[in-house]
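Everything on this sheet refers to the single structure shown next.
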Amino acid sequence: MANLKTQVVETDLLIVGGGMAACGAAVEAAYWAKQHGLKVTLVDKAAVDRSGAVAMGLSAINQYVGIKDGKNTVEDYVKYVRSDLMGITREDLVYNIARHVDSTVHLFEKWGLPIWKDAEGNYVHEGRWQLMINGESYKVVVAEAAKNALGAENIYERVFIVGPIMQGGVCVGAVGFSVREERFYVFKAKAVLVAMGGAVHVFKPRSSGEGFGRAWYPPWNSGSSAYFTLKAGAEMTCQEVRFIPVRFKDAYGPVGAWFLLFKSRATNGMGGDYMQERKDELEKWVPYGKVKPVPANLRNWLMMLDVMDGKGPIYMRTEEAITKIASESGDEKAAKKKLKELEAEAWEDFLDMTISQAILWAGTDTAPEEKPSEIAAAEPYFIGSHSGASGAWVSGPKDIAPNEYFWGYPNMSTVEGIFCAGDASGASSHKFSSGSHAEGRIAAKAAIDYIVDHPAAPNYDQAQIDALKAEILRPLDVYSQFSKTSSDPEINPNYIRPKMFMFRLQKIMDEYAGGVSSQFKTSKALLEKGLDLLQYLKVDSEKLAASDLHELMRSWENVHRMWQAEAHVRAILFREETRWPGYYFRSDKPAMNEKDWKVFVNMKWLPKENKWEVFTRPIISIVS
Ligand code: SFD
Ligand code: AMP
């Protein structure tokens, strides 16, 4: 076996991940842990300052309720999320995050994040729930607070977590390896807070060749949260609810600021406005088709119908929107000044969070005030924190969750000792960066309560840990055993390199599970065939080969993606309707069926039996 030293770290609460939810968890856990003399440890595969979805920064905070201003209520937010997800949402979880998110935003500001203010000193809103920020250093600011709270000695960076350590059905830690040093890590803990983000590159991306790797969501979020919870035997929810964002084409610049702040239209290649011309289509998706704003997936759907009719390209009419705002701002001089201001804001929107889009504008001689830019529906992502909903099924808060949704500790999964937040927890969409941080705080407080109530040190089975180590390092062994048996180490009948494995997974998902090249359409027959092919892939995953630690990480990232893929295929196969047509369309079940399918689709992988169970859970509304 590969010769990696084992380092054992003992702690009370282990936070896996170092993104928005994990940083929120760190700050809150440190506070409560101090009162109880407990230790908190955080592990990130990257460096916390620039890891996860917010690595490049962001230009808006997308969840701010503004309870103090009296304009919005927590109930308003729950209604918004419920409609956007076509009725499928855990209102108790959304409610809990919404009532705490403002305080998180105020902390960000206190820690030094510049939030735009108007002449009266009020926050500048992008839309009803969104605030504009100068956010290039957003993650650095949030990470600094987390690091100060925990202390550098309790943070492990560049350590990739592979999976859980289980003991009698309870999670008692996690295992992983350093991606820089030859070291295998065993983290022993009384509770684990999972916050390793969502999953990217499960589906074939639009980007190819030298642009490969460019995605909207961060490519290094590779399904580790889903794998961790699934492997522990936790119940998962909304695995069918992928997110397809519409983005500026090829560099994935976000559209929110254009639609909401600049009030831009999008039009097709003939100049038609699909939101107007295809309005009648929304009738088919009532009651959700009739709410304002139109749910994200239905906005996508109207655009996709144009694309399928060959009416592309679709353009964001940046030039029209900017000129309109400028011309409304007064005389010619005032309009000129306003135009300059808007130009700067438009570039900053991208420079703060999607630098490559600004580079693409520069490279294609695009001045947004002069010419429109193409937008397109991106490949599917798994993300419980934005407008998708996949994640673990977690307990709600005691004071508002119905009995069916409460089992002792807020945000604990159905497996004791595992808490989830951000992309890792499901059915509580639209938390974004701020809500993920707030949810991390909620989950951490609950995890500390759980540890205080369960103080006994867990037992460990060394044979099990040795077996996990052998399994995790196997790709290194496979490579060293076989790489010399062919003249080119890339091509070898005894193994598969992680990159090739990823291509194979992406091809299956793209062609059978409704990816970009299938126009997001699939059916029972296609899904069954795809599932069949995934089983062959799973068999071959044992032949993954890694030439170094970096490839070892790539190998496990792909195993994680593969599990996310299988959960997704099983969930869309089970839900016999089309509910989110702009996310995926079941051609054999082309309509929404409120009577039978206004339910959650949940699932579990049963560790002992190595079997999947897919079933429904009721939707219990708490906001009328
Ligand atoms: O424009 C392991 N998001 C936006 N949120 C906003 O509030 N405003 C915006 O403007 C946003 N937009 C946006 C957003 C994201 C991206 C990529 C772009 C634009 C281009 C969404 C938020 O960023 C998102 O909701 C939160 O960040 C989610 O938080 P969290 O904690 O669930 O995920 P994370 O921050 O990505 O962190 C994941 C962490 O896990 C680590 N990790 N660590 C150890 N072992 C493993 N195996 C691991 N796997 C992953 C990562 O390194 C990271 O630390 S806009 O689109 O609307
Ligand atoms: P995005 O940049 O697409 O991630 O959007 C940022 C925020 O604006 C999210 O909360 C979106 O749901 C919201 N949003 C984007 N476009 C629209 C739109 N056309 N109508 C209403 N809300 C939108």
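By convention in this document, the chains of the structure tokens carry letters A, B, ... by their order, each chain's residues are numbered from 1, and ligands are numbered from 1 in the order they are shown.
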
ask   = What's the 8 Å shell around region 224-238 of chain A, counting only C-alpha atoms, without same-chain residues fewer than 6 positions away, as a ChimeraX atom specification?
value = /A:161-164,166,169,171,194-199,389-393,413-415,418,423-424,426-427,557,560-561,563-564,571,600-607

Selection export as an mmCIF file, in the first residue's frame, atoms kept: C-alpha atoms:
data_model
loop_
_atom_site.group_PDB
_atom_site.id
_atom_site.type_symbol
_atom_site.label_atom_id
_atom_site.label_comp_id
_atom_site.auth_asym_id
_atom_site.auth_seq_id
_atom_site.Cartn_x
_atom_site.Cartn_y
_atom_site.Cartn_z
ATOM 1 C CA ILE A 161 -12.123 14.911 3.138
ATOM 2 C CA VAL A 162 -13.228 11.682 1.511
ATOM 3 C CA GLY A 163 -15.919 10.306 3.812
ATOM 4 C CA PRO A 164 -17.326 9.664 7.277
ATOM 5 C CA MET A 166 -19.301 5.552 11.320
ATOM 6 C CA GLY A 169 -24.939 4.164 12.871
ATOM 7 C CA CYS A 171 -20.976 9.582 12.731
ATOM 8 C CA VAL A 194 -20.899 18.998 6.704
ATOM 9 C CA ALA A 195 -20.458 22.116 4.549
ATOM 10 C CA MET A 196 -18.494 21.000 1.493
ATOM 11 C CA GLY A 197 -20.654 22.797 -1.029
ATOM 12 C CA GLY A 198 -22.559 21.487 -4.048
ATOM 13 C CA ALA A 199 -21.476 19.641 -7.198
ATOM 14 C CA ALA A 389 -32.680 22.354 -3.711
ATOM 15 C CA SER A 390 -30.652 19.126 -3.459
ATOM 16 C CA GLY A 391 -29.144 18.176 -0.111
ATOM 17 C CA ALA A 392 -29.592 16.250 3.086
ATOM 18 C CA TRP A 393 -32.947 16.055 4.859
ATOM 19 C CA SER A 413 -29.451 14.975 9.388
ATOM 20 C CA THR A 414 -31.256 11.689 10.000
ATOM 21 C CA VAL A 415 -27.862 10.267 10.986
ATOM 22 C CA ILE A 418 -24.075 14.828 11.225
ATOM 23 C CA ASP A 423 -25.387 23.485 -0.242
ATOM 24 C CA ALA A 424 -25.199 20.404 1.957
ATOM 25 C CA GLY A 426 -31.723 20.392 1.046
ATOM 26 C CA ALA A 427 -35.186 21.834 0.421
ATOM 27 C CA GLU A 557 -13.805 14.046 -6.579
ATOM 28 C CA HIS A 560 -18.201 11.868 -5.196
ATOM 29 C CA ARG A 561 -19.683 13.212 -8.440
ATOM 30 C CA TRP A 563 -22.741 9.238 -6.292
ATOM 31 C CA GLN A 564 -24.406 12.603 -6.788
ATOM 32 C CA ALA A 571 -34.857 10.877 -8.139
ATOM 33 C CA PHE A 600 -40.788 15.655 -1.502
ATOM 34 C CA VAL A 601 -38.864 12.879 -3.183
ATOM 35 C CA ASN A 602 -36.436 11.585 -0.566
ATOM 36 C CA MET A 603 -33.955 8.754 -0.668
ATOM 37 C CA LYS A 604 -31.395 6.814 1.267
ATOM 38 C CA TRP A 605 -28.547 4.539 0.403
ATOM 39 C CA LEU A 606 -28.609 1.650 2.867
ATOM 40 C CA PRO A 607 -24.988 0.934 3.878
#

ask   = Within 7 Å of ligand 1, counting only C-alpha atoms and all ligand atoms: which residues, as a PyMOL selection string?
value = chain A and resi 16-22+43-46+48+51-54+58-63+159-162+195-198+216-218+220-222+224+253-256+353-354+385-386+421-424+431-434+436-437

Hey, which residues sit close to ligand 2? Say within 7 Å, counting only C-alpha atoms and all ligand atoms, and write them as a PDB file with all heavy atoms, in the first residue's frame.
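selection.pdb was written with the following content:
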ATOM      1  N   ASN A  62     -27.385  38.076  -1.916  1.00  0.00           N
ATOM      2  CA  ASN A  62     -28.707  37.790  -2.488  1.00  0.00           C
ATOM      3  C   ASN A  62     -29.813  37.526  -1.487  1.00  0.00           C
ATOM      4  O   ASN A  62     -30.973  37.425  -1.862  1.00  0.00           O
ATOM      5  CB  ASN A  62     -28.617  36.608  -3.451  1.00  0.00           C
ATOM      6  CG  ASN A  62     -28.079  37.023  -4.804  1.00  0.00           C
ATOM      7  OD1 ASN A  62     -27.965  38.209  -5.094  1.00  0.00           O
ATOM      8  ND2 ASN A  62     -27.736  36.052  -5.633  1.00  0.00           N
ATOM      9  N   GLY A 127     -32.445  44.028  -6.077  1.00  0.00           N
ATOM     10  CA  GLY A 127     -33.851  43.687  -6.229  1.00  0.00           C
ATOM     11  C   GLY A 127     -34.463  43.715  -4.841  1.00  0.00           C
ATOM     12  O   GLY A 127     -33.849  44.236  -3.903  1.00  0.00           O
ATOM     13  N   GLN A 130     -32.046  41.580  -2.568  1.00  0.00           N
ATOM     14  CA  GLN A 130     -30.601  41.561  -2.844  1.00  0.00           C
ATOM     15  C   GLN A 130     -29.963  42.925  -2.579  1.00  0.00           C
ATOM     16  O   GLN A 130     -30.526  43.959  -2.924  1.00  0.00           O
ATOM     17  CB  GLN A 130     -30.354  41.172  -4.309  1.00  0.00           C
ATOM     18  CG  GLN A 130     -30.912  39.815  -4.721  1.00  0.00           C
ATOM     19  CD  GLN A 130     -32.365  39.836  -5.155  1.00  0.00           C
ATOM     20  OE1 GLN A 130     -33.017  40.873  -5.136  1.00  0.00           O
ATOM     21  NE2 GLN A 130     -32.901  38.679  -5.535  1.00  0.00           N
ATOM     22  N   PRO A 245     -28.625  27.634 -14.248  1.00  0.00           N
ATOM     23  CA  PRO A 245     -28.660  29.090 -14.290  1.00  0.00           C
ATOM     24  C   PRO A 245     -28.551  29.599 -15.723  1.00  0.00           C
ATOM     25  O   PRO A 245     -27.837  29.014 -16.542  1.00  0.00           O
ATOM     26  CB  PRO A 245     -27.427  29.492 -13.485  1.00  0.00           C
ATOM     27  CG  PRO A 245     -26.503  28.329 -13.552  1.00  0.00           C
ATOM     28  CD  PRO A 245     -27.292  27.105 -13.920  1.00  0.00           C
ATOM     29  N   VAL A 246     -29.282  30.663 -16.014  1.00  0.00           N
ATOM     30  CA  VAL A 246     -29.046  31.373 -17.275  1.00  0.00           C
ATOM     31  C   VAL A 246     -27.904  32.332 -16.987  1.00  0.00           C
ATOM     32  O   VAL A 246     -27.920  33.037 -15.990  1.00  0.00           O
ATOM     33  CB  VAL A 246     -30.317  32.121 -17.713  1.00  0.00           C
ATOM     34  CG1 VAL A 246     -29.982  33.223 -18.710  1.00  0.00           C
ATOM     35  CG2 VAL A 246     -31.295  31.140 -18.332  1.00  0.00           C
ATOM     36  N   PRO A 254     -23.014  36.340 -14.117  1.00  0.00           N
ATOM     37  CA  PRO A 254     -24.391  36.326 -13.607  1.00  0.00           C
ATOM     38  C   PRO A 254     -25.287  37.398 -14.234  1.00  0.00           C
ATOM     39  O   PRO A 254     -24.814  38.432 -14.711  1.00  0.00           O
ATOM     40  CB  PRO A 254     -24.226  36.570 -12.119  1.00  0.00           C
ATOM     41  CG  PRO A 254     -22.864  36.085 -11.819  1.00  0.00           C
ATOM     42  CD  PRO A 254     -22.052  36.461 -13.024  1.00  0.00           C
ATOM     43  N   VAL A 255     -26.590  37.133 -14.217  1.00  0.00           N
ATOM     44  CA  VAL A 255     -27.546  38.001 -14.903  1.00  0.00           C
ATOM     45  C   VAL A 255     -28.359  38.867 -13.945  1.00  0.00           C
ATOM     46  O   VAL A 255     -29.028  39.806 -14.374  1.00  0.00           O
ATOM     47  CB  VAL A 255     -28.526  37.162 -15.762  1.00  0.00           C
ATOM     48  CG1 VAL A 255     -27.776  36.395 -16.834  1.00  0.00           C
ATOM     49  CG2 VAL A 255     -29.334  36.187 -14.881  1.00  0.00           C
ATOM     50  N   GLY A 256     -28.312  38.527 -12.634  1.00  0.00           N
ATOM     51  CA  GLY A 256     -29.190  39.187 -11.665  1.00  0.00           C
ATOM     52  C   GLY A 256     -29.117  40.706 -11.716  1.00  0.00           C
ATOM     53  O   GLY A 256     -30.141  41.385 -11.757  1.00  0.00           O
ATOM     54  N   ALA A 257     -27.907  41.252 -11.731  1.00  0.00           N
ATOM     55  CA  ALA A 257     -27.764  42.712 -11.716  1.00  0.00           C
ATOM     56  C   ALA A 257     -28.395  43.307 -12.969  1.00  0.00           C
ATOM     57  O   ALA A 257     -29.004  44.380 -12.911  1.00  0.00           O
ATOM     58  CB  ALA A 257     -26.290  43.096 -11.626  1.00  0.00           C
ATOM     59  N   PHE A 259     -30.942  41.996 -14.886  1.00  0.00           N
ATOM     60  CA  PHE A 259     -32.403  41.924 -14.877  1.00  0.00           C
ATOM     61  C   PHE A 259     -33.009  42.818 -13.794  1.00  0.00           C
ATOM     62  O   PHE A 259     -34.013  43.483 -14.012  1.00  0.00           O
ATOM     63  CB  PHE A 259     -32.869  40.477 -14.658  1.00  0.00           C
ATOM     64  CG  PHE A 259     -32.817  39.629 -15.907  1.00  0.00           C
ATOM     65  CD1 PHE A 259     -32.253  38.355 -15.881  1.00  0.00           C
ATOM     66  CD2 PHE A 259     -33.347  40.087 -17.112  1.00  0.00           C
ATOM     67  CE1 PHE A 259     -32.211  37.568 -17.025  1.00  0.00           C
ATOM     68  CE2 PHE A 259     -33.316  39.308 -18.265  1.00  0.00           C
ATOM     69  CZ  PHE A 259     -32.741  38.046 -18.224  1.00  0.00           C
ATOM     70  N   LEU A 260     -32.373  42.813 -12.604  1.00  0.00           N
ATOM     71  CA  LEU A 260     -33.011  43.491 -11.473  1.00  0.00           C
ATOM     72  C   LEU A 260     -32.571  44.943 -11.307  1.00  0.00           C
ATOM     73  O   LEU A 260     -33.398  45.840 -11.185  1.00  0.00           O
ATOM     74  CB  LEU A 260     -32.749  42.720 -10.175  1.00  0.00           C
ATOM     75  CG  LEU A 260     -33.242  41.267 -10.146  1.00  0.00           C
ATOM     76  CD1 LEU A 260     -32.904  40.605  -8.821  1.00  0.00           C
ATOM     77  CD2 LEU A 260     -34.745  41.189 -10.370  1.00  0.00           C
ATOM     78  N   PRO A 293     -42.112  37.314  -8.707  1.00  0.00           N
ATOM     79  CA  PRO A 293     -41.543  37.123 -10.034  1.00  0.00           C
ATOM     80  C   PRO A 293     -41.803  35.703 -10.553  1.00  0.00           C
ATOM     81  O   PRO A 293     -41.965  34.771  -9.752  1.00  0.00           O
ATOM     82  CB  PRO A 293     -40.042  37.340  -9.803  1.00  0.00           C
ATOM     83  CG  PRO A 293     -39.807  37.069  -8.357  1.00  0.00           C
ATOM     84  CD  PRO A 293     -41.074  37.400  -7.647  1.00  0.00           C
ATOM     85  N   VAL A 294     -41.804  35.575 -11.871  1.00  0.00           N
ATOM     86  CA  VAL A 294     -41.959  34.256 -12.484  1.00  0.00           C
ATOM     87  C   VAL A 294     -40.821  33.366 -11.976  1.00  0.00           C
ATOM     88  O   VAL A 294     -39.662  33.789 -11.976  1.00  0.00           O
ATOM     89  CB  VAL A 294     -41.881  34.391 -14.027  1.00  0.00           C
ATOM     90  CG1 VAL A 294     -41.926  33.029 -14.693  1.00  0.00           C
ATOM     91  CG2 VAL A 294     -42.993  35.293 -14.552  1.00  0.00           C
ATOM     92  N   ALA A 296     -37.688  31.000 -11.395  1.00  0.00           N
ATOM     93  CA  ALA A 296     -36.459  30.970 -12.211  1.00  0.00           C
ATOM     94  C   ALA A 296     -36.535  29.901 -13.302  1.00  0.00           C
ATOM     95  O   ALA A 296     -36.157  30.131 -14.448  1.00  0.00           O
ATOM     96  CB  ALA A 296     -35.252  30.725 -11.317  1.00  0.00           C
ATOM     97  N   SER A 387     -30.933  28.423  -6.515  1.00  0.00           N
ATOM     98  CA  SER A 387     -32.307  28.138  -6.946  1.00  0.00           C
ATOM     99  C   SER A 387     -32.540  26.658  -7.239  1.00  0.00           C
ATOM    100  O   SER A 387     -33.564  26.287  -7.808  1.00  0.00           O
ATOM    101  CB  SER A 387     -32.638  28.975  -8.174  1.00  0.00           C
ATOM    102  OG  SER A 387     -32.220  30.303  -7.957  1.00  0.00           O
ATOM    103  N   HIS A 430     -32.502  29.347  -1.946  1.00  0.00           N
ATOM    104  CA  HIS A 430     -32.426  30.808  -1.877  1.00  0.00           C
ATOM    105  C   HIS A 430     -31.808  31.310  -0.581  1.00  0.00           C
ATOM    106  O   HIS A 430     -32.267  32.281   0.003  1.00  0.00           O
ATOM    107  CB  HIS A 430     -33.802  31.451  -2.108  1.00  0.00           C
ATOM    108  CG  HIS A 430     -34.271  31.296  -3.525  1.00  0.00           C
ATOM    109  ND1 HIS A 430     -33.982  32.208  -4.504  1.00  0.00           N
ATOM    110  CD2 HIS A 430     -34.979  30.314  -4.107  1.00  0.00           C
ATOM    111  CE1 HIS A 430     -34.510  31.786  -5.652  1.00  0.00           C
ATOM    112  NE2 HIS A 430     -35.108  30.634  -5.442  1.00  0.00           N
TER     113      HIS A 430
END

inquiry  = Show me, as a PyMOL selection string, the residues that have an atom within 12 Å of region 280-285 of chain A when counting only C-alpha atoms, minus same-chain residues fewer than 2 positions from it.
reply    = chain A and resi 83-87+274-278+287-292+294-295+297-303+305-306+577-582+590-594

For those residues, write N, CA, C and O atoms to a file as a compact mmCIF listing (two decimals), in the first residue's frame.
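In the end it all went to again_15.txt:
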# COMPACT_ATOMS: atom_id res chain seq x y z
N SER A 83 -42.81 29.62 -4.06
CA SER A 83 -43.27 29.74 -5.45
C SER A 83 -42.13 29.45 -6.42
O SER A 83 -42.33 28.79 -7.43
N ASP A 84 -40.94 29.97 -6.10
CA ASP A 84 -39.83 29.79 -7.03
C ASP A 84 -39.49 28.31 -7.20
O ASP A 84 -39.04 27.89 -8.26
N LEU A 85 -39.73 27.52 -6.16
CA LEU A 85 -39.42 26.09 -6.23
C LEU A 85 -40.66 25.27 -6.58
O LEU A 85 -40.70 24.07 -6.34
N MET A 86 -41.68 25.93 -7.15
CA MET A 86 -42.90 25.26 -7.62
C MET A 86 -43.55 24.45 -6.46
O MET A 86 -44.00 23.32 -6.64
N GLY A 87 -43.55 25.06 -5.27
CA GLY A 87 -44.27 24.49 -4.14
C GLY A 87 -43.47 23.50 -3.31
O GLY A 87 -43.93 23.07 -2.24
N TYR A 274 -39.11 36.87 -25.30
CA TYR A 274 -39.79 35.60 -24.99
C TYR A 274 -40.67 35.68 -23.75
O TYR A 274 -41.66 34.99 -23.63
N MET A 275 -40.33 36.57 -22.79
CA MET A 275 -41.16 36.68 -21.59
C MET A 275 -42.54 37.25 -21.95
O MET A 275 -43.53 36.98 -21.28
N GLN A 276 -42.60 38.03 -23.02
CA GLN A 276 -43.89 38.57 -23.49
C GLN A 276 -44.54 37.61 -24.47
O GLN A 276 -45.70 37.21 -24.30
N GLU A 277 -43.77 37.23 -25.50
CA GLU A 277 -44.35 36.43 -26.58
C GLU A 277 -44.82 35.05 -26.13
O GLU A 277 -45.71 34.47 -26.73
N ARG A 278 -44.21 34.52 -25.08
CA ARG A 278 -44.56 33.16 -24.65
C ARG A 278 -45.32 33.16 -23.32
O ARG A 278 -45.39 32.13 -22.64
N PRO A 287 -50.42 26.81 -10.20
CA PRO A 287 -50.47 28.20 -9.79
C PRO A 287 -49.14 28.95 -9.91
O PRO A 287 -49.10 30.16 -9.88
N TYR A 288 -48.03 28.20 -10.06
CA TYR A 288 -46.71 28.86 -9.97
C TYR A 288 -46.41 29.74 -11.18
O TYR A 288 -45.67 30.71 -11.08
N GLY A 289 -47.02 29.40 -12.32
CA GLY A 289 -46.78 30.19 -13.53
C GLY A 289 -47.33 31.60 -13.43
O GLY A 289 -46.96 32.49 -14.19
N LYS A 290 -48.21 31.82 -12.45
CA LYS A 290 -48.89 33.12 -12.36
C LYS A 290 -48.30 34.02 -11.28
O LYS A 290 -48.77 35.14 -11.08
N VAL A 291 -47.29 33.53 -10.54
CA VAL A 291 -46.77 34.38 -9.47
C VAL A 291 -45.71 35.33 -10.00
O VAL A 291 -45.12 35.12 -11.05
N LYS A 292 -45.49 36.39 -9.22
CA LYS A 292 -44.45 37.36 -9.57
C LYS A 292 -43.41 37.36 -8.45
O LYS A 292 -43.80 37.41 -7.29
N VAL A 294 -41.80 35.57 -11.87
CA VAL A 294 -41.96 34.26 -12.48
C VAL A 294 -40.82 33.37 -11.98
O VAL A 294 -39.66 33.79 -11.98
N PRO A 295 -41.12 32.14 -11.51
CA PRO A 295 -40.05 31.27 -10.99
C PRO A 295 -38.88 31.11 -11.96
O PRO A 295 -39.08 31.08 -13.19
N ASN A 297 -37.05 28.70 -12.95
CA ASN A 297 -37.04 27.63 -13.95
C ASN A 297 -38.01 27.93 -15.08
O ASN A 297 -37.78 27.53 -16.22
N LEU A 298 -39.10 28.66 -14.80
CA LEU A 298 -40.05 28.99 -15.87
C LEU A 298 -39.51 30.10 -16.76
O LEU A 298 -39.75 30.12 -17.97
N ARG A 299 -38.76 31.03 -16.16
CA ARG A 299 -38.09 32.04 -16.99
C ARG A 299 -37.14 31.33 -17.95
O ARG A 299 -37.10 31.62 -19.15
N ASN A 300 -36.41 30.36 -17.40
CA ASN A 300 -35.51 29.57 -18.26
C ASN A 300 -36.29 28.90 -19.38
O ASN A 300 -35.87 28.88 -20.53
N TRP A 301 -37.43 28.31 -18.99
CA TRP A 301 -38.20 27.48 -19.92
C TRP A 301 -38.68 28.29 -21.14
O TRP A 301 -38.57 27.83 -22.27
N LEU A 302 -39.15 29.49 -20.87
CA LEU A 302 -39.63 30.32 -21.99
C LEU A 302 -38.48 30.61 -22.95
O LEU A 302 -38.65 30.60 -24.18
N MET A 303 -37.31 30.83 -22.39
CA MET A 303 -36.14 31.08 -23.23
C MET A 303 -35.74 29.81 -24.00
O MET A 303 -35.45 29.85 -25.19
N LEU A 305 -37.60 27.45 -24.99
CA LEU A 305 -38.55 27.19 -26.09
C LEU A 305 -38.12 27.95 -27.34
O LEU A 305 -38.17 27.42 -28.45
N ASP A 306 -37.67 29.18 -27.14
CA ASP A 306 -37.16 29.97 -28.27
C ASP A 306 -35.93 29.29 -28.89
O ASP A 306 -35.81 29.17 -30.10
N GLU A 577 -43.47 13.12 -13.26
CA GLU A 577 -44.08 14.34 -13.77
C GLU A 577 -42.95 15.26 -14.22
O GLU A 577 -41.78 14.98 -13.99
N THR A 578 -43.36 16.39 -14.85
CA THR A 578 -42.39 17.47 -15.08
C THR A 578 -42.85 18.63 -14.22
O THR A 578 -43.97 19.13 -14.39
N ARG A 579 -42.03 19.04 -13.25
CA ARG A 579 -42.43 20.13 -12.35
C ARG A 579 -41.60 21.39 -12.58
O ARG A 579 -42.09 22.50 -12.38
N TRP A 580 -40.35 21.22 -12.97
CA TRP A 580 -39.47 22.37 -13.19
C TRP A 580 -38.98 22.29 -14.64
O TRP A 580 -37.83 21.89 -14.89
N PRO A 581 -39.85 22.64 -15.62
CA PRO A 581 -39.49 22.38 -17.02
C PRO A 581 -38.20 23.07 -17.46
O PRO A 581 -37.52 22.56 -18.34
N GLY A 582 -37.86 24.19 -16.83
CA GLY A 582 -36.63 24.89 -17.22
C GLY A 582 -35.39 24.33 -16.53
O GLY A 582 -34.29 24.85 -16.72
N PRO A 590 -44.95 14.93 -19.52
CA PRO A 590 -44.67 16.34 -19.84
C PRO A 590 -45.44 17.38 -19.03
O PRO A 590 -45.23 18.56 -19.24
N ALA A 591 -46.32 16.94 -18.10
CA ALA A 591 -47.09 17.94 -17.35
C ALA A 591 -46.82 17.83 -15.85
O ALA A 591 -46.34 16.80 -15.37
N MET A 592 -47.19 18.89 -15.14
CA MET A 592 -47.07 18.89 -13.68
C MET A 592 -48.32 18.22 -13.12
O MET A 592 -49.42 18.42 -13.63
N ASN A 593 -48.14 17.43 -12.06
CA ASN A 593 -49.27 16.71 -11.46
C ASN A 593 -49.33 17.07 -9.97
O ASN A 593 -48.70 16.42 -9.14
N GLU A 594 -50.09 18.14 -9.68
CA GLU A 594 -50.17 18.64 -8.30
C GLU A 594 -50.80 17.62 -7.36
O GLU A 594 -50.45 17.54 -6.19

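Computed from the coordinates, the CA of Ala251 (chain A) to CA of Ser208 (chain A) distance equals 11.9 Å.
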
task = Fewer than 5 positions away in the same chain doesn't count, so skip those; otherwise give me all residues within 12 Å of Phe212 (chain A), counting only C-alpha atoms, as number ranges by chain.
result = A: 201, 204-207, 219, 250-251, 499, 503

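For the residues A:Leu526, A:Val179, A:Ala401, A:Ala545, ranking by smallest atom-to-atom distance to Arg586 (chain A) using only C-alpha atoms places A:Leu526 first.
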
query = So which bits of region 374-572 of chain A end up alpha helix (DSSP H) when you DSSP the backbone, as a PyMOL selection string?
reply = chain A and resi 432-453+462-482+498-512+524-540+549-572

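Of the listed residues A:Gln239, A:Val307, A:Ile400, A:Pro114, the one whose atoms come nearest to Phe615 (chain A) is A:Gln239, with distances taken using only C-alpha atoms.
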